[in-house]
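Peer 1: Once you've had a glance at the structure underneath, I'll fire off some questions.
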Amino acid sequence: MRISSFKELAKAASEMPKKTVVAVVEAHDLHTLEAVINAKKDNIIEGMLIGNEEKIREILQSEGADPADYTIIPTNGLEESLKVAVDNINAGKATAIMKGKLETGQFMKAIVKKENGLLAGGLLSLIGLYEHPNYHKLLAVTDQGLNTYPDLEGKKALIQNAVKLLHAIGIEEPKVAVLAAVEKVNPKMPESVDGAELKKMNENGEITGCIVEGPISFDLAVKQGAAAIKGYESPVAGDADLLVVPDIACGNILVKCMTDYAGALTAGTIVGAKVPVIVTSRSAEASDKYYSIALAAYSAASY
């Protein structure tokens, strides 16, 4: 089934017979637990809450949740919380991991540490999904927060990671737009060169499971009718499923414009590890965290 909205995503996740167990590291955080409580209440996940037991129970009860409905594992600080989460993932007792009350850098250090065994052998990348009334379907963006300046091979890996996730939510042949400021190759604009090369890789069978177009501008990728005005022919034009940004700065600006200025709903997950990794900003809306949990829960079945 193709998921076309976040409500559909949450509903589909709630109907999965095997529930994703989310290990929440340093779970004694109100905003994180609000999202976890709602996802648990909606039958989307099972919660494994790791951290300060007294504070976790206090927050759960203050939010009207029964601590008995959760697996609560008390720890004596950050390092032990991370170790407990990693051990439970490797033992198959948890099938997703989420950042609670700790810095993103501290959290990611445990994910990428080879000795922890959470890497799947490829590139880790962040994929965001966005829902906006002015666009006719969910729109994915990569990578807006993890890989800083990916080279050609890096962008190839970003596409492959994102395509796997999009397949998991029912998009059988995602339309991929490799963004640039122009639609023609300009040697002085490396992102335009990369766009053309990635399109060739797709045509040659090096990148599969999707349709890649590049270089292509943002308006051509998402605005129906713009291609006809500009005389640009592509099945991706006006109908993109995935936007590949040139670098982290472009991606960060784009998605913040979409959410903070244009009011898009968002969900995101880090892929490329053994399990989905949920990392949301401390300033993220409650809905962002909730839908990120739903995305991780639904996609976990494809791992």
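Identifiers for the structure tokens are assigned positionally: chains receive A, B, ... in sequence, residues are indexed from 1 per chain, and ligands are indexed from 1 in the order shown.
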Counting only C-alpha atoms, give me one row per residue of region 74-105 of chain A with an atom at most 12 Å from an atom of region 35-43 of chain A, showing the shortest contact pair and its distance in Å to one decimal, sorted by chain then residue number, as a Markdown table.
Peer 2:
| residue | atom | partner | partner_atom | distance |
| --- | --- | --- | --- | --- |
| A:Ile97 | CA | A:Val36 | CA | 11.9 |
| A:Met98 | CA | A:Val36 | CA | 9.8 |
| A:Lys99 | CA | A:Val36 | CA | 11.4 |
| A:Gly100 | CA | A:Val36 | CA | 10.5 |
Peer 1: Tell me, as a list in words, which residues lie within 10 Å of Val24 (chain A), counting only C-alpha atoms; anything in the same chain fewer than 3 positions away does not count.
Peer 2: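 That gives Val21, Ala27, His28, Asp29, Thr32, Leu33, Val36, Gly47, Met48, Leu49, Ile50, Gly51, Ile72, Ser81, Leu82, Ala85, Ala94, Ala96, Ile97, Met98, Lys99, Gly100, Lys101 and Ile278 of chain A.
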Peer 1: Those residues with N, CA, C and O atoms, as a compact mmCIF listing (two decimals), in the first residue's frame please?
Peer 2:
# COMPACT_ATOMS: atom_id res chain seq x y z
N VAL A 21 9.56 -2.33 18.82
CA VAL A 21 9.95 -1.95 20.18
C VAL A 21 11.00 -0.86 20.08
O VAL A 21 12.10 -1.08 19.56
N ALA A 27 15.34 8.38 28.57
CA ALA A 27 13.92 8.62 28.25
C ALA A 27 13.25 9.62 29.18
O ALA A 27 12.09 9.98 28.95
N HIS A 28 13.93 10.09 30.20
CA HIS A 28 13.32 11.03 31.16
C HIS A 28 13.26 12.44 30.58
O HIS A 28 13.87 13.38 31.08
N ASP A 29 12.51 12.58 29.50
CA ASP A 29 12.35 13.86 28.81
C ASP A 29 10.87 14.01 28.45
O ASP A 29 10.29 13.15 27.78
N THR A 32 9.86 14.06 24.58
CA THR A 32 10.05 12.75 23.97
C THR A 32 8.96 11.78 24.43
O THR A 32 8.34 11.08 23.62
N LEU A 33 8.72 11.76 25.73
CA LEU A 33 7.73 10.82 26.26
C LEU A 33 6.31 11.16 25.84
O LEU A 33 5.48 10.26 25.69
N VAL A 36 6.05 9.35 22.62
CA VAL A 36 6.06 7.90 22.85
C VAL A 36 4.73 7.45 23.43
O VAL A 36 4.17 6.42 23.02
N GLY A 47 7.10 0.54 24.03
CA GLY A 47 8.15 1.43 24.51
C GLY A 47 9.09 0.77 25.49
O GLY A 47 8.64 0.17 26.49
N MET A 48 10.40 0.86 25.22
CA MET A 48 11.45 0.44 26.15
C MET A 48 12.14 1.72 26.62
O MET A 48 12.89 2.35 25.86
N LEU A 49 11.87 2.13 27.84
CA LEU A 49 12.32 3.42 28.34
C LEU A 49 13.54 3.24 29.24
O LEU A 49 13.45 2.60 30.31
N ILE A 50 14.65 3.81 28.81
CA ILE A 50 15.93 3.59 29.47
C ILE A 50 16.42 4.89 30.07
O ILE A 50 16.50 5.91 29.38
N GLY A 51 16.76 4.87 31.37
CA GLY A 51 17.28 6.09 31.99
C GLY A 51 16.92 6.19 33.45
O GLY A 51 16.90 5.19 34.18
N ILE A 72 10.58 -0.41 31.58
CA ILE A 72 11.42 0.65 32.11
C ILE A 72 12.70 0.03 32.65
O ILE A 72 12.66 -0.85 33.52
N SER A 81 23.00 4.02 29.82
CA SER A 81 21.78 4.04 29.01
C SER A 81 22.05 3.65 27.57
O SER A 81 21.31 2.86 26.97
N LEU A 82 23.12 4.21 27.01
CA LEU A 82 23.49 3.87 25.63
C LEU A 82 23.85 2.40 25.50
O LEU A 82 23.43 1.73 24.56
N ALA A 85 20.73 0.21 25.60
CA ALA A 85 19.99 0.28 24.34
C ALA A 85 20.66 -0.55 23.25
O ALA A 85 20.00 -1.33 22.55
N ALA A 94 14.89 -4.96 21.01
CA ALA A 94 14.42 -3.66 20.53
C ALA A 94 14.67 -3.59 19.03
O ALA A 94 15.69 -4.11 18.54
N ALA A 96 14.09 -0.54 17.14
CA ALA A 96 14.35 0.84 16.75
C ALA A 96 14.96 1.54 17.94
O ALA A 96 14.78 1.09 19.08
N ILE A 97 15.68 2.62 17.69
CA ILE A 97 16.32 3.36 18.78
C ILE A 97 16.01 4.85 18.62
O ILE A 97 15.99 5.37 17.51
N MET A 98 15.75 5.51 19.77
CA MET A 98 15.35 6.91 19.75
C MET A 98 16.14 7.72 20.76
O MET A 98 16.41 7.26 21.87
N LYS A 99 16.50 8.93 20.37
CA LYS A 99 17.21 9.86 21.26
C LYS A 99 16.24 10.51 22.22
O LYS A 99 15.20 11.01 21.83
N GLY A 100 16.61 10.50 23.50
CA GLY A 100 15.85 11.19 24.52
C GLY A 100 16.60 12.43 24.99
O GLY A 100 16.98 13.27 24.18
N LYS A 101 16.86 12.50 26.29
CA LYS A 101 17.46 13.70 26.89
C LYS A 101 18.99 13.61 26.85
O LYS A 101 19.65 13.39 27.87
N ILE A 278 15.81 7.20 15.39
CA ILE A 278 14.94 8.37 15.49
C ILE A 278 15.69 9.48 16.23
O ILE A 278 15.99 9.35 17.42
Peer 1: Mind checking which residues fall within 9 Å of Ala162 (chain A), counting only C-alpha atoms, ignoring those fewer than 6 positions away in the same chain, and posting them as a VMD selection string?
Peer 2: chain A and resid 125 to 127 140 to 142 242 271
Peer 1: For region 35-131 of chain A against region 297-301 of chain A, with a cut-off of 7 Å and counting only C-alpha atoms, what is the closest atom pair and its distance in Å to one decimal for every residue that makes the cut, ordered by chain and number, as a tab-separated table?
Peer 2:
residue	atom	partner	partner_atom	distance
A:Ile44	CA	A:Ala297	CA	6.9
A:Ile45	CA	A:Ala297	CA	6.6
A:Thr95	CA	A:Ala300	CA	6.9
Peer 1: I need the residues from that last selection saved to file as a compact mmCIF listing (two decimals), in the first residue's frame (with C-alpha atoms), if you can.
Peer 2:
# COMPACT_ATOMS: atom_id res chain seq x y z
CA ILE A 44 1.99 1.93 16.96
CA ILE A 45 4.90 0.80 19.17
CA THR A 95 13.87 -2.94 16.84
Peer 1: As a ChimeraX atom specification, which residues of region 130-183 of chain A does DSSP assign to strand (DSSP E or B)?
Peer 2: /A:130-131,139-142,175-179
Peer 1: Export N, CA, C and O atoms of the chosen residues as a compact mmCIF listing (two decimals), in the first residue's frame?
Peer 2:
# COMPACT_ATOMS: atom_id res chain seq x y z
N TYR A 130 7.85 15.07 4.22
CA TYR A 130 7.12 16.32 4.44
C TYR A 130 5.74 16.24 3.81
O TYR A 130 5.58 15.73 2.70
N GLU A 131 4.77 16.74 4.56
CA GLU A 131 3.40 16.77 4.09
C GLU A 131 2.92 18.21 4.10
O GLU A 131 2.94 18.88 5.14
N LEU A 139 6.57 14.19 0.36
CA LEU A 139 7.80 14.55 -0.34
C LEU A 139 8.98 14.27 0.58
O LEU A 139 9.01 14.74 1.72
N ALA A 140 9.95 13.51 0.11
CA ALA A 140 11.14 13.17 0.90
C ALA A 140 12.31 14.07 0.51
O ALA A 140 12.42 14.50 -0.65
N VAL A 141 13.17 14.32 1.48
CA VAL A 141 14.38 15.11 1.26
C VAL A 141 15.56 14.39 1.91
O VAL A 141 15.44 13.87 3.02
N THR A 142 16.70 14.38 1.23
CA THR A 142 17.93 13.85 1.80
C THR A 142 19.13 14.60 1.20
O THR A 142 19.07 15.00 0.04
N LYS A 175 10.30 8.81 -7.81
CA LYS A 175 10.84 9.77 -8.75
C LYS A 175 11.80 10.69 -8.00
O LYS A 175 11.39 11.41 -7.09
N VAL A 176 13.06 10.63 -8.40
CA VAL A 176 14.15 11.27 -7.66
C VAL A 176 14.62 12.50 -8.42
O VAL A 176 15.02 12.41 -9.58
N ALA A 177 14.62 13.65 -7.74
CA ALA A 177 15.10 14.90 -8.33
C ALA A 177 16.42 15.30 -7.67
O ALA A 177 16.45 15.57 -6.46
N VAL A 178 17.49 15.31 -8.44
CA VAL A 178 18.79 15.76 -7.93
C VAL A 178 18.87 17.26 -8.16
O VAL A 178 19.04 17.72 -9.29
N LEU A 179 18.74 18.02 -7.09
CA LEU A 179 18.54 19.46 -7.21
C LEU A 179 19.80 20.24 -7.57
O LEU A 179 20.91 19.91 -7.14
Peer 1: Which residues are close to Asp247 (chain A), i.e. within 10 Å by only C-alpha atoms, leaving aside same-chain residues fewer than 4 positions away? Reply as a ChimeraX atom specification.
Peer 2: /A:142-151,155,191,251-252
Peer 1: Would you mind exporting N, CA and C atoms of the selected residues as a compact mmCIF listing (two decimals), in the first residue's frame?
Peer 2:
# COMPACT_ATOMS: atom_id res chain seq x y z
N THR A 142 16.70 14.38 1.23
CA THR A 142 17.93 13.85 1.80
C THR A 142 19.13 14.60 1.20
N ASP A 143 20.19 14.92 1.93
CA ASP A 143 20.34 14.72 3.35
C ASP A 143 20.49 16.10 3.98
N GLN A 144 19.59 16.42 4.88
CA GLN A 144 19.53 17.76 5.42
C GLN A 144 20.16 17.91 6.79
N GLY A 145 20.76 16.82 7.32
CA GLY A 145 21.26 16.97 8.68
C GLY A 145 22.35 16.04 9.12
N LEU A 146 22.87 15.20 8.22
CA LEU A 146 23.88 14.24 8.67
C LEU A 146 25.14 14.29 7.81
N ASN A 147 24.98 14.10 6.49
CA ASN A 147 26.14 14.16 5.59
C ASN A 147 26.33 15.60 5.11
N THR A 148 27.51 16.13 5.33
CA THR A 148 27.72 17.57 5.10
C THR A 148 27.89 17.93 3.63
N TYR A 149 28.89 17.38 2.97
CA TYR A 149 29.15 17.69 1.57
C TYR A 149 29.41 16.39 0.80
N PRO A 150 28.37 15.61 0.55
CA PRO A 150 28.56 14.31 -0.10
C PRO A 150 29.09 14.44 -1.52
N ASP A 151 30.03 13.56 -1.87
CA ASP A 151 30.53 13.52 -3.25
C ASP A 151 29.59 12.67 -4.10
N LYS A 155 26.29 10.70 -2.85
CA LYS A 155 24.92 10.98 -3.29
C LYS A 155 24.24 9.73 -3.85
N GLU A 191 27.16 20.52 -8.43
CA GLU A 191 25.92 19.79 -8.21
C GLU A 191 25.19 19.49 -9.52
N GLY A 251 20.11 21.71 2.28
CA GLY A 251 19.06 20.87 2.84
C GLY A 251 18.46 21.46 4.10
N ASN A 252 19.32 21.97 4.97
CA ASN A 252 18.85 22.56 6.22
C ASN A 252 17.95 23.76 5.96
Peer 1: List the neighbours of Glu115 (chain A) out to 12 Å using only C-alpha atoms; skip same-chain residues closer than 6 positions along the sequence, and give me the result as a list in words.
Peer 2: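 Final neighbour list, sorted by chain and number: Lys83, Val86, Asp87, Asn90 and Lys109 of chain A.
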Peer 1: Would you write out those residues with N, CA and C atoms, as a CSV table (one decimal), in the first residue's frame?
Peer 2:
chain,number,residue,atom,x,y,z
A,83,LYS,N,24.6,1.9,26.5
A,83,LYS,CA,25.0,0.5,26.4
A,83,LYS,C,23.8,-0.4,26.5
A,86,VAL,N,22.0,-0.4,23.1
A,86,VAL,CA,22.7,-1.2,22.1
A,86,VAL,C,22.6,-2.7,22.4
A,87,ASP,N,22.7,-3.1,23.6
A,87,ASP,CA,22.7,-4.5,23.9
A,87,ASP,C,21.3,-5.1,23.6
A,90,ASN,N,21.0,-5.5,19.8
A,90,ASN,CA,21.8,-6.6,19.3
A,90,ASN,C,21.2,-7.9,19.7
A,109,LYS,N,27.3,9.0,18.4
A,109,LYS,CA,28.6,8.3,18.6
A,109,LYS,C,28.5,6.9,18.9
Peer 1: As an exercise, work out the distance from CA of Ala12 (chain A) to CA of His136 (chain A) in Å and give it to one decimal place.
Peer 2: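 Computing the Euclidean distance for CA of Ala12 (chain A) and CA of His136 (chain A) yields 19.4 Å.
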Peer 1: Quick one: residues within 8 Å of Leu220 (chain A), only C-alpha atoms, excluding same-chain residues fewer than 5 positions away - as a list of chain:residue names?
Peer 2: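 The filter keeps A:Ala226, A:Ala227, A:Ala237, A:Gly238.
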Peer 1: Output as a PyMOL selection string all residues of region 158-292 of chain A that backbone DSSP marks as alpha helix (DSSP H).
Peer 2: chain A and resi 158-168+190-203+218-222+226-230+248-256+286-292
Peer 1: Just to confirm, what's the straight-line distance from CA of Gly263 (chain A) to CA of Leu295 (chain A) in Å (one decimal)?
Peer 2: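 Taking CA of Gly263 (chain A) as the start and CA of Leu295 (chain A) as the end point, the length is 19.4 Å.
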